[in-house]
Amino acid sequence: MLAGVPAAAEEVTAEGDDADRVIVVTGVREQGYVSSSQSGGTFGETRLLDTPFSVTVIPQELLIDQQVRSLGDIARNDPSTIVSSPPGFNDTINVRGYNLDNSSSYRREGLIFQNQVQSPFENKAAVEIVKGPTSVRYGFTPPGGVINYVLKRPTADPYRFVQAFGDSFGGYGVHVDLGGPIGDDLGVRLNAVAAHEATFVDGVAGPRVLASALIEWRPTDRLTIDFDFEYQFRELEQQAAITIGAFNAGVTAAQRRAVLERFDQRTFIGQAFGTYPTSNVIGSLGARWEFADGWTLNARAQQMRLERDQQGVGIAPGTLQANGDYTARIFFSPNQVRDPFSAEAFVTGDFTTFGLRHEVAFGAAYSHNPLRFAGLSAQPNVGTSNIFDPVVLPRPAPALLVTDAVLDRLVFTQKAVFVSDLLTVTNWLKLFGAVRFAEQRNQERVAPSFERQTTYKDNVWAPNLGVLIQPTKKLTFYGSYSEGVTTGVQVPTTASNFTTLFLNPARTRQLEAGVKAELFAGALLTAAYFDISQPLAALDEQNNFGYIGDQDHRGVELTLAGQLTPALRVVAGGLYLDPSINNPVNPAINGNRPSGVPRVQANLFADWQVPAVPGLALNAGAFYPGSRFANDLNTFRVDGYTRFDLGARYGFDMGGQRLTARINVRNVTNKDFIEGTAFGQFLFGAPRAAIFSLTAEF
């Protein structure tokens, strides 16, 4: 959205004869609980105080101290996000009440990360949560925002990090992180993990392997080229999800609530043969070329390939009885392939005209994202079981699992050009404007006997306008208006117009106003009001699925992150949201609150270094999402809850080596709660758990 300005102190220079030569780029974001800059919402690195929208940055040090294992662990640090995913599966995130899209809303260094596998965090320097419509930066995306993963980069000095870790569920593993310069022109960052994953569900466990490398080459003082490679393999059993549609029609609301309250979330109600082995390979090539003083070309291309065989066992719709009996159904979808290619190149620079300074960015982007799978995945019933007393069922005969050919069922292709300008009018007033012109084409092939057809092709403009008032360098008042374009919503198979898989994309918009202030050196306070509108996809009176009315979310959010005193660091926030459905053809839901969206959320994590005991730090967290509805009819409410965490770390020397021991106890009160309700599912939170590790850095 704005022209990027490289973050200060990112580049480290050599001494002596090579004093003007940059050797490697060091990850300044890897220090502290707050970042001064971000790159996920703008073209290039930009100060958070110079962005007229909300961005939360979770740096690596917080990831390590909280012993993050999933995106859900990260999402709890921001009051605008909710995680909705079954244990061990890929994380799906809701931001400001809107579900993100697996094919467009998750990014890795700004390029597509197909979110059908859990991202590893051992090789990430930061995770950025960019809020609101992001179409200027990323094209067709839902209006909630984008998750952007920032990679670890080579360090200025040799760096070694070795960690052994485990948890009370039975998981364990080893992580090795190596970095540093190789000669004068090369830098490297290597990460490797070998682990046995275990979840809070009994029997849901399996192997995980990660290997990644990022190599930077500096052939000249003005040119940096990097190559990145990442491989991960995971295999776990798939836990069956209890959904609101799983219950038999004769089960009353009171009986449904009794079933959910009685169910022990540790109980495995899938089947041992119901696994989803997933391998994921990503490679990218990037370059940064300062071709003239103050002018830089940034370019990156990335290829991803995800392969998964899924044969999870779940509850057949309408079969769950009040006593827990249900019909088990297998979802068999072999040879799923997701291999998106994405690339972008842009130029950033600045110039002055008539006494006004322009910080500009302009460039182009391209993405090709095919989703390859069997058109009619086999879903045979495999027997009867009970969620309170599960029955071991045999795997169906192979003949029952035969499906049609695996083909490119969906292909999303986008070409785009963009330009932005941050205009400094006075030393306290800045204006900006940005626009993206994108051509999107969606193609579908519903069966091998059908030709692939174009179901959507159009050109759209996505503008973004704003103003920043900065009385001082540490205080910014801002306002912005942005328009976006969503990805199309999936058409239900029961709809009368189920002739294509997705509706056409639709335009969204957001107004946002807020303030950002650096209260202390290293602590950032943000407050924002936002008003987001998205066309509502729903069934009409003739059972046709289309855009009817809209869904509006208005809210206020407040966050504080960073170093409050030399011994105290915090990450805190709160959100009040007023979401509503506007569906004039369906009075039963018109004016209701959308399902899965709480009105109130809050979070607090504090880390305190104990002055009387050198090396000892204590931390505590409290995370509260309010009550939510499990359906748009607002007839079934899920209670809010508060989860309390406690933790400690202790740094000590042994044999001349500095070691750090960490322990984090999550849900210390062992509270039972439903964590997520997205897509009609009741996703249970984990019971009390201890996560521990021993780390050596040298």
# chains A, B, ... in the order shown; residues from 1 in each chain; ligands from 1
>>> residues_around(residues="range 419-427 of chain A", least_positions_apart="3", cutoff="8 Å", atoms="only C-alpha atoms", output="PyMOL selection string")
chain A and resi 1-3+356-363+430-436+470
>>> write_last_selection(atoms="N, CA, C and O atoms", output="PDB file, in the first residue's frame")
ATOM      1  N   MET A   1       0.810  -1.193   0.000  1.00  0.00           N
ATOM      2  CA  MET A   1       0.000   0.000   0.000  1.00  0.00           C
ATOM      3  C   MET A   1       0.854   1.259   0.000  1.00  0.00           C
ATOM      4  O   MET A   1       0.544   2.222  -0.654  1.00  0.00           O
ATOM      5  N   LEU A   2       1.911   1.241   0.800  1.00  0.00           N
ATOM      6  CA  LEU A   2       2.812   2.373   0.834  1.00  0.00           C
ATOM      7  C   LEU A   2       4.155   1.954   0.299  1.00  0.00           C
ATOM      8  O   LEU A   2       4.556   0.808   0.376  1.00  0.00           O
ATOM      9  N   ALA A   3       4.905   2.905  -0.215  1.00  0.00           N
ATOM     10  CA  ALA A   3       6.268   2.604  -0.609  1.00  0.00           C
ATOM     11  C   ALA A   3       7.058   2.205   0.612  1.00  0.00           C
ATOM     12  O   ALA A   3       6.958   2.826   1.659  1.00  0.00           O
ATOM     13  N   LEU A 356       7.332  18.831  -2.231  1.00  0.00           N
ATOM     14  CA  LEU A 356       6.616  17.696  -1.645  1.00  0.00           C
ATOM     15  C   LEU A 356       7.401  16.411  -1.908  1.00  0.00           C
ATOM     16  O   LEU A 356       7.789  16.136  -3.044  1.00  0.00           O
ATOM     17  N   ARG A 357       7.611  15.636  -0.850  1.00  0.00           N
ATOM     18  CA  ARG A 357       8.354  14.396  -0.997  1.00  0.00           C
ATOM     19  C   ARG A 357       7.406  13.239  -1.315  1.00  0.00           C
ATOM     20  O   ARG A 357       6.400  13.044  -0.644  1.00  0.00           O
ATOM     21  N   HIS A 358       7.745  12.458  -2.354  1.00  0.00           N
ATOM     22  CA  HIS A 358       6.978  11.289  -2.749  1.00  0.00           C
ATOM     23  C   HIS A 358       7.794  10.030  -2.448  1.00  0.00           C
ATOM     24  O   HIS A 358       8.934   9.907  -2.909  1.00  0.00           O
ATOM     25  N   GLU A 359       7.226   9.115  -1.677  1.00  0.00           N
ATOM     26  CA  GLU A 359       7.807   7.784  -1.503  1.00  0.00           C
ATOM     27  C   GLU A 359       6.910   6.820  -2.273  1.00  0.00           C
ATOM     28  O   GLU A 359       5.784   6.551  -1.867  1.00  0.00           O
ATOM     29  N   VAL A 360       7.403   6.330  -3.386  1.00  0.00           N
ATOM     30  CA  VAL A 360       6.554   5.606  -4.324  1.00  0.00           C
ATOM     31  C   VAL A 360       6.957   4.142  -4.413  1.00  0.00           C
ATOM     32  O   VAL A 360       8.094   3.756  -4.103  1.00  0.00           O
ATOM     33  N   ALA A 361       5.999   3.351  -4.839  1.00  0.00           N
ATOM     34  CA  ALA A 361       6.237   1.957  -5.190  1.00  0.00           C
ATOM     35  C   ALA A 361       5.368   1.645  -6.396  1.00  0.00           C
ATOM     36  O   ALA A 361       4.220   2.098  -6.482  1.00  0.00           O
ATOM     37  N   PHE A 362       5.920   0.888  -7.336  1.00  0.00           N
ATOM     38  CA  PHE A 362       5.120   0.432  -8.472  1.00  0.00           C
ATOM     39  C   PHE A 362       5.679  -0.903  -8.946  1.00  0.00           C
ATOM     40  O   PHE A 362       6.878  -1.178  -8.830  1.00  0.00           O
ATOM     41  N   GLY A 363       4.788  -1.741  -9.434  1.00  0.00           N
ATOM     42  CA  GLY A 363       5.258  -3.050  -9.849  1.00  0.00           C
ATOM     43  C   GLY A 363       4.141  -3.912 -10.391  1.00  0.00           C
ATOM     44  O   GLY A 363       3.063  -3.432 -10.760  1.00  0.00           O
ATOM     45  N   LYS A 430       1.040  13.595   6.278  1.00  0.00           N
ATOM     46  CA  LYS A 430       1.325  12.732   5.126  1.00  0.00           C
ATOM     47  C   LYS A 430       0.009  12.239   4.539  1.00  0.00           C
ATOM     48  O   LYS A 430      -0.944  11.956   5.272  1.00  0.00           O
ATOM     49  N   LEU A 431      -0.033  12.162   3.223  1.00  0.00           N
ATOM     50  CA  LEU A 431      -1.177  11.609   2.497  1.00  0.00           C
ATOM     51  C   LEU A 431      -0.697  10.418   1.682  1.00  0.00           C
ATOM     52  O   LEU A 431       0.459  10.352   1.276  1.00  0.00           O
ATOM     53  N   PHE A 432      -1.582   9.478   1.477  1.00  0.00           N
ATOM     54  CA  PHE A 432      -1.179   8.368   0.616  1.00  0.00           C
ATOM     55  C   PHE A 432      -2.329   7.953  -0.280  1.00  0.00           C
ATOM     56  O   PHE A 432      -3.511   8.149   0.013  1.00  0.00           O
ATOM     57  N   GLY A 433      -1.939   7.373  -1.383  1.00  0.00           N
ATOM     58  CA  GLY A 433      -2.891   6.789  -2.301  1.00  0.00           C
ATOM     59  C   GLY A 433      -2.265   5.562  -2.928  1.00  0.00           C
ATOM     60  O   GLY A 433      -1.059   5.543  -3.194  1.00  0.00           O
ATOM     61  N   ALA A 434      -3.059   4.532  -3.137  1.00  0.00           N
ATOM     62  CA  ALA A 434      -2.564   3.305  -3.750  1.00  0.00           C
ATOM     63  C   ALA A 434      -3.695   2.677  -4.540  1.00  0.00           C
ATOM     64  O   ALA A 434      -4.873   2.819  -4.189  1.00  0.00           O
ATOM     65  N   VAL A 435      -3.349   1.977  -5.608  1.00  0.00           N
ATOM     66  CA  VAL A 435      -4.361   1.302  -6.403  1.00  0.00           C
ATOM     67  C   VAL A 435      -3.735   0.061  -7.042  1.00  0.00           C
ATOM     68  O   VAL A 435      -2.550   0.056  -7.393  1.00  0.00           O
ATOM     69  N   ARG A 436      -4.530  -0.973  -7.140  1.00  0.00           N
ATOM     70  CA  ARG A 436      -4.116  -2.208  -7.803  1.00  0.00           C
ATOM     71  C   ARG A 436      -5.124  -2.508  -8.908  1.00  0.00           C
ATOM     72  O   ARG A 436      -6.343  -2.459  -8.682  1.00  0.00           O
ATOM     73  N   GLN A 470       1.181  13.329  12.217  1.00  0.00           N
ATOM     74  CA  GLN A 470       2.246  12.911  13.126  1.00  0.00           C
ATOM     75  C   GLN A 470       2.818  14.127  13.861  1.00  0.00           C
ATOM     76  O   GLN A 470       3.793  14.738  13.408  1.00  0.00           O
TER      77      GLN A 470
END
>>> residues_around(residues="range 636-646 of chain A", least_positions_apart="5", cutoff="6 Å", atoms="only C-alpha atoms", output="PyMOL selection string")
chain A and resi 619-630+664-668
>>> closest_residue(among="A:Pro587, A:Pro463, A:Gly651, A:Gly615", to="Leu633 in chain A", atoms="only C-alpha atoms")
A:Pro587
>>> closest_residue(among="A:Glu697, A:Asp408, A:Asp458, A:Glu439", to="Leu178 in chain A", atoms="only C-alpha atoms")
A:Glu697
>>> residues_around(residues="range 143-145 of chain A", least_positions_apart="4", cutoff="6 Å", atoms="only C-alpha atoms", output="MDAnalysis selection string")
chainID A and resid 95:96 98 130:133
>>> write_last_selection(atoms="C-alpha atoms", output="mmCIF file, in the first residue's frame")
data_model
loop_
_atom_site.group_PDB
_atom_site.id
_atom_site.type_symbol
_atom_site.label_atom_id
_atom_site.label_comp_id
_atom_site.auth_asym_id
_atom_site.auth_seq_id
_atom_site.Cartn_x
_atom_site.Cartn_y
_atom_site.Cartn_z
ATOM 1 C CA VAL A 95 -9.817 -11.882 11.808
ATOM 2 C CA ARG A 96 -12.234 -9.129 12.841
ATOM 3 C CA TYR A 98 -14.274 -12.781 8.914
ATOM 4 C CA VAL A 130 -2.476 -7.537 8.606
ATOM 5 C CA LYS A 131 -6.061 -6.457 9.263
ATOM 6 C CA GLY A 132 -8.780 -5.231 6.949
ATOM 7 C CA PRO A 133 -9.082 -5.471 3.136
#
>>> residues_around(residues="range 679-686 of chain A", least_positions_apart="2", cutoff="9 Å", atoms="only C-alpha atoms", output="ChimeraX atom specification")
/A:84-87,199-201,241-245,260,265-266,595-596,630-631,638,666-667,670-677,688-689
>>> residues_around(residues="Pro611 in chain A", least_positions_apart="6", cutoff="12 Å", atoms="only C-alpha atoms", output="list in words")
Pro566, Ala567, Leu568, Ala617 and Leu618 of chain A
>>> write_last_selection(atoms="all heavy atoms", output="PDB file, in the first residue's frame")
ATOM      1  N   PRO A 566      12.505  -2.175  32.363  1.00  0.00           N
ATOM      2  CA  PRO A 566      13.610  -3.079  32.021  1.00  0.00           C
ATOM      3  C   PRO A 566      13.333  -4.540  32.354  1.00  0.00           C
ATOM      4  O   PRO A 566      13.925  -5.438  31.747  1.00  0.00           O
ATOM      5  CB  PRO A 566      14.777  -2.527  32.852  1.00  0.00           C
ATOM      6  CG  PRO A 566      14.464  -1.070  33.006  1.00  0.00           C
ATOM      7  CD  PRO A 566      12.977  -1.009  33.138  1.00  0.00           C
ATOM      8  N   ALA A 567      12.430  -4.805  33.297  1.00  0.00           N
ATOM      9  CA  ALA A 567      12.165  -6.187  33.705  1.00  0.00           C
ATOM     10  C   ALA A 567      10.820  -6.716  33.229  1.00  0.00           C
ATOM     11  O   ALA A 567      10.550  -7.910  33.367  1.00  0.00           O
ATOM     12  CB  ALA A 567      12.225  -6.299  35.225  1.00  0.00           C
ATOM     13  N   LEU A 568       9.953  -5.851  32.664  1.00  0.00           N
ATOM     14  CA  LEU A 568       8.581  -6.260  32.356  1.00  0.00           C
ATOM     15  C   LEU A 568       8.247  -6.023  30.889  1.00  0.00           C
ATOM     16  O   LEU A 568       8.399  -4.916  30.372  1.00  0.00           O
ATOM     17  CB  LEU A 568       7.594  -5.482  33.228  1.00  0.00           C
ATOM     18  CG  LEU A 568       6.105  -5.785  33.002  1.00  0.00           C
ATOM     19  CD1 LEU A 568       5.790  -7.233  33.360  1.00  0.00           C
ATOM     20  CD2 LEU A 568       5.242  -4.818  33.808  1.00  0.00           C
ATOM     21  N   ALA A 617      12.910 -15.736  34.863  1.00  0.00           N
ATOM     22  CA  ALA A 617      11.783 -14.921  34.417  1.00  0.00           C
ATOM     23  C   ALA A 617      10.506 -15.723  34.577  1.00  0.00           C
ATOM     24  O   ALA A 617      10.477 -16.935  34.315  1.00  0.00           O
ATOM     25  CB  ALA A 617      11.960 -14.488  32.964  1.00  0.00           C
ATOM     26  N   LEU A 618       9.460 -15.052  35.012  1.00  0.00           N
ATOM     27  CA  LEU A 618       8.146 -15.660  35.170  1.00  0.00           C
ATOM     28  C   LEU A 618       7.181 -15.000  34.195  1.00  0.00           C
ATOM     29  O   LEU A 618       7.289 -13.802  33.904  1.00  0.00           O
ATOM     30  CB  LEU A 618       7.636 -15.484  36.604  1.00  0.00           C
ATOM     31  CG  LEU A 618       8.553 -15.972  37.725  1.00  0.00           C
ATOM     32  CD1 LEU A 618       7.936 -15.635  39.085  1.00  0.00           C
ATOM     33  CD2 LEU A 618       8.809 -17.463  37.604  1.00  0.00           C
TER      34      LEU A 618
END
>>> closest_residue(among="A:Ile58, A:Ala258, A:Val150, A:Ala164", to="Leu214 in chain A", atoms="only C-alpha atoms")
A:Val150
>>> select_by_dssp(residues="range 149-338 of chain A", states="strand (DSSP E)", output="MDAnalysis selection string")
chainID A and resid 149:151 159:167 172:182 186:198 205:220 223:234 242:243 278:292 295:315 325:338
>>> closest_residue(among="A:Gln232, A:Asn369, A:Ser119, A:Gln453", to="Ser212 in chain A", atoms="only C-alpha atoms")
A:Gln232
>>> residues_around(residues="Leu236 in chain A", least_positions_apart="4", cutoff="8 Å", atoms="only C-alpha atoms", output="PyMOL selection string")
chain A and resi 88+204-207+275-277
>>> atom_distance(atom1="CA of Ser104 in chain A", atom2="CA of Gly349 in chain A")
27.9 Å
>>> residues_around(residues="Pro535 in chain A", least_positions_apart="2", cutoff="12 Å", atoms="only C-alpha atoms", output="ChimeraX atom specification")
/A:98,142-143,484-489,503-509,532-533,537-538,546-553,580-583
>>> write_last_selection(atoms="N, CA and C atoms", output="mmCIF file, in the first residue's frame")
data_model
loop_
_atom_site.group_PDB
_atom_site.id
_atom_site.type_symbol
_atom_site.label_atom_id
_atom_site.label_comp_id
_atom_site.auth_asym_id
_atom_site.auth_seq_id
_atom_site.Cartn_x
_atom_site.Cartn_y
_atom_site.Cartn_z
ATOM 1 N N TYR A 98 -14.191 -12.196 10.247
ATOM 2 C CA TYR A 98 -14.274 -12.781 8.914
ATOM 3 C C TYR A 98 -13.283 -13.931 8.784
ATOM 4 N N PRO A 142 -10.432 -12.174 1.295
ATOM 5 C CA PRO A 142 -11.532 -11.766 2.182
ATOM 6 C C PRO A 142 -11.154 -10.510 2.963
ATOM 7 N N PRO A 143 -12.157 -9.803 3.511
ATOM 8 C CA PRO A 143 -11.887 -8.486 4.104
ATOM 9 C C PRO A 143 -11.280 -8.521 5.495
ATOM 10 N N GLY A 484 -11.750 -3.688 -1.401
ATOM 11 C CA GLY A 484 -11.150 -4.976 -1.716
ATOM 12 C C GLY A 484 -12.077 -5.822 -2.553
ATOM 13 N N VAL A 485 -11.572 -6.982 -2.937
ATOM 14 C CA VAL A 485 -12.360 -7.944 -3.692
ATOM 15 C C VAL A 485 -12.170 -9.306 -3.038
ATOM 16 N N THR A 486 -13.271 -9.939 -2.650
ATOM 17 C CA THR A 486 -13.175 -11.231 -1.983
ATOM 18 C C THR A 486 -12.923 -12.339 -2.997
ATOM 19 N N THR A 487 -12.441 -13.446 -2.505
ATOM 20 C CA THR A 487 -12.540 -14.682 -3.262
ATOM 21 C C THR A 487 -13.995 -15.130 -3.225
ATOM 22 N N GLY A 488 -14.437 -15.851 -4.224
ATOM 23 C CA GLY A 488 -15.830 -16.278 -4.266
ATOM 24 C C GLY A 488 -16.154 -17.282 -3.181
ATOM 25 N N VAL A 489 -17.406 -17.255 -2.712
ATOM 26 C CA VAL A 489 -17.862 -18.158 -1.660
ATOM 27 C C VAL A 489 -18.297 -19.484 -2.281
ATOM 28 N N LEU A 503 -19.187 -18.879 -6.067
ATOM 29 C CA LEU A 503 -19.752 -17.642 -6.578
ATOM 30 C C LEU A 503 -18.636 -16.753 -7.116
ATOM 31 N N ASN A 504 -19.037 -15.756 -7.902
ATOM 32 C CA ASN A 504 -18.064 -14.779 -8.363
ATOM 33 C C ASN A 504 -17.532 -13.968 -7.177
ATOM 34 N N PRO A 505 -16.307 -13.451 -7.286
ATOM 35 C CA PRO A 505 -15.813 -12.543 -6.247
ATOM 36 C C PRO A 505 -16.730 -11.330 -6.094
ATOM 37 N N ALA A 506 -16.648 -10.696 -4.933
ATOM 38 C CA ALA A 506 -17.495 -9.541 -4.638
ATOM 39 C C ALA A 506 -16.659 -8.456 -3.978
ATOM 40 N N ARG A 507 -17.095 -7.211 -4.118
ATOM 41 C CA ARG A 507 -16.326 -6.076 -3.613
ATOM 42 C C ARG A 507 -16.633 -5.826 -2.134
ATOM 43 N N THR A 508 -15.590 -5.495 -1.377
ATOM 44 C CA THR A 508 -15.712 -5.159 0.038
ATOM 45 C C THR A 508 -15.151 -3.754 0.264
ATOM 46 N N ARG A 509 -15.391 -3.218 1.455
ATOM 47 C CA ARG A 509 -14.815 -1.909 1.771
ATOM 48 C C ARG A 509 -14.603 -1.782 3.270
ATOM 49 N N ILE A 532 -16.285 -2.503 8.480
ATOM 50 C CA ILE A 532 -16.054 -3.351 7.307
ATOM 51 C C ILE A 532 -17.391 -3.873 6.799
ATOM 52 N N SER A 533 -17.563 -3.876 5.486
ATOM 53 C CA SER A 533 -18.778 -4.408 4.878
ATOM 54 C C SER A 533 -18.409 -5.392 3.782
ATOM 55 N N ALA A 537 -23.359 -13.910 1.239
ATOM 56 C CA ALA A 537 -23.745 -15.051 0.416
ATOM 57 C C ALA A 537 -24.747 -15.892 1.191
ATOM 58 N N ALA A 538 -25.921 -16.143 0.585
ATOM 59 C CA ALA A 538 -26.972 -16.877 1.287
ATOM 60 C C ALA A 538 -27.932 -17.485 0.268
ATOM 61 N N GLY A 546 -26.658 -16.995 -3.588
ATOM 62 C CA GLY A 546 -26.106 -15.803 -4.208
ATOM 63 C C GLY A 546 -25.862 -14.725 -3.173
ATOM 64 N N TYR A 547 -25.467 -13.552 -3.641
ATOM 65 C CA TYR A 547 -25.208 -12.429 -2.743
ATOM 66 C C TYR A 547 -26.514 -11.707 -2.445
ATOM 67 N N ILE A 548 -26.884 -11.717 -1.173
ATOM 68 C CA ILE A 548 -28.129 -11.103 -0.717
ATOM 69 C C ILE A 548 -27.792 -10.222 0.486
ATOM 70 N N GLY A 549 -27.982 -8.936 0.365
ATOM 71 C CA GLY A 549 -27.662 -8.058 1.485
ATOM 72 C C GLY A 549 -26.166 -8.011 1.746
ATOM 73 N N ASP A 550 -25.798 -7.808 3.009
ATOM 74 C CA ASP A 550 -24.374 -7.725 3.343
ATOM 75 C C ASP A 550 -24.162 -8.099 4.803
ATOM 76 N N GLN A 551 -22.904 -8.234 5.151
ATOM 77 C CA GLN A 551 -22.493 -8.531 6.522
ATOM 78 C C GLN A 551 -21.569 -7.420 6.966
ATOM 79 N N ASP A 552 -21.957 -6.697 8.017
ATOM 80 C CA ASP A 552 -21.219 -5.524 8.476
ATOM 81 C C ASP A 552 -20.597 -5.798 9.841
ATOM 82 N N HIS A 553 -19.335 -5.442 9.966
ATOM 83 C CA HIS A 553 -18.635 -5.578 11.239
ATOM 84 C C HIS A 553 -18.037 -4.227 11.613
ATOM 85 N N SER A 580 -23.223 -7.759 12.263
ATOM 86 C CA SER A 580 -24.638 -7.985 11.977
ATOM 87 C C SER A 580 -24.822 -8.520 10.570
ATOM 88 N N ILE A 581 -25.875 -9.318 10.424
ATOM 89 C CA ILE A 581 -26.276 -9.876 9.131
ATOM 90 C C ILE A 581 -27.422 -9.033 8.583
ATOM 91 N N ASN A 582 -27.303 -8.628 7.345
ATOM 92 C CA ASN A 582 -28.376 -7.900 6.673
ATOM 93 C C ASN A 582 -28.873 -8.763 5.519
ATOM 94 N N ASN A 583 -29.928 -9.545 5.794
ATOM 95 C CA ASN A 583 -30.505 -10.450 4.793
ATOM 96 C C ASN A 583 -32.000 -10.178 4.695
#
>>> closest_residue(among="A:Asp653, A:Glu512, A:Glu128, A:Asp184", to="Arg108 in chain A", atoms="only C-alpha atoms")
A:Glu128
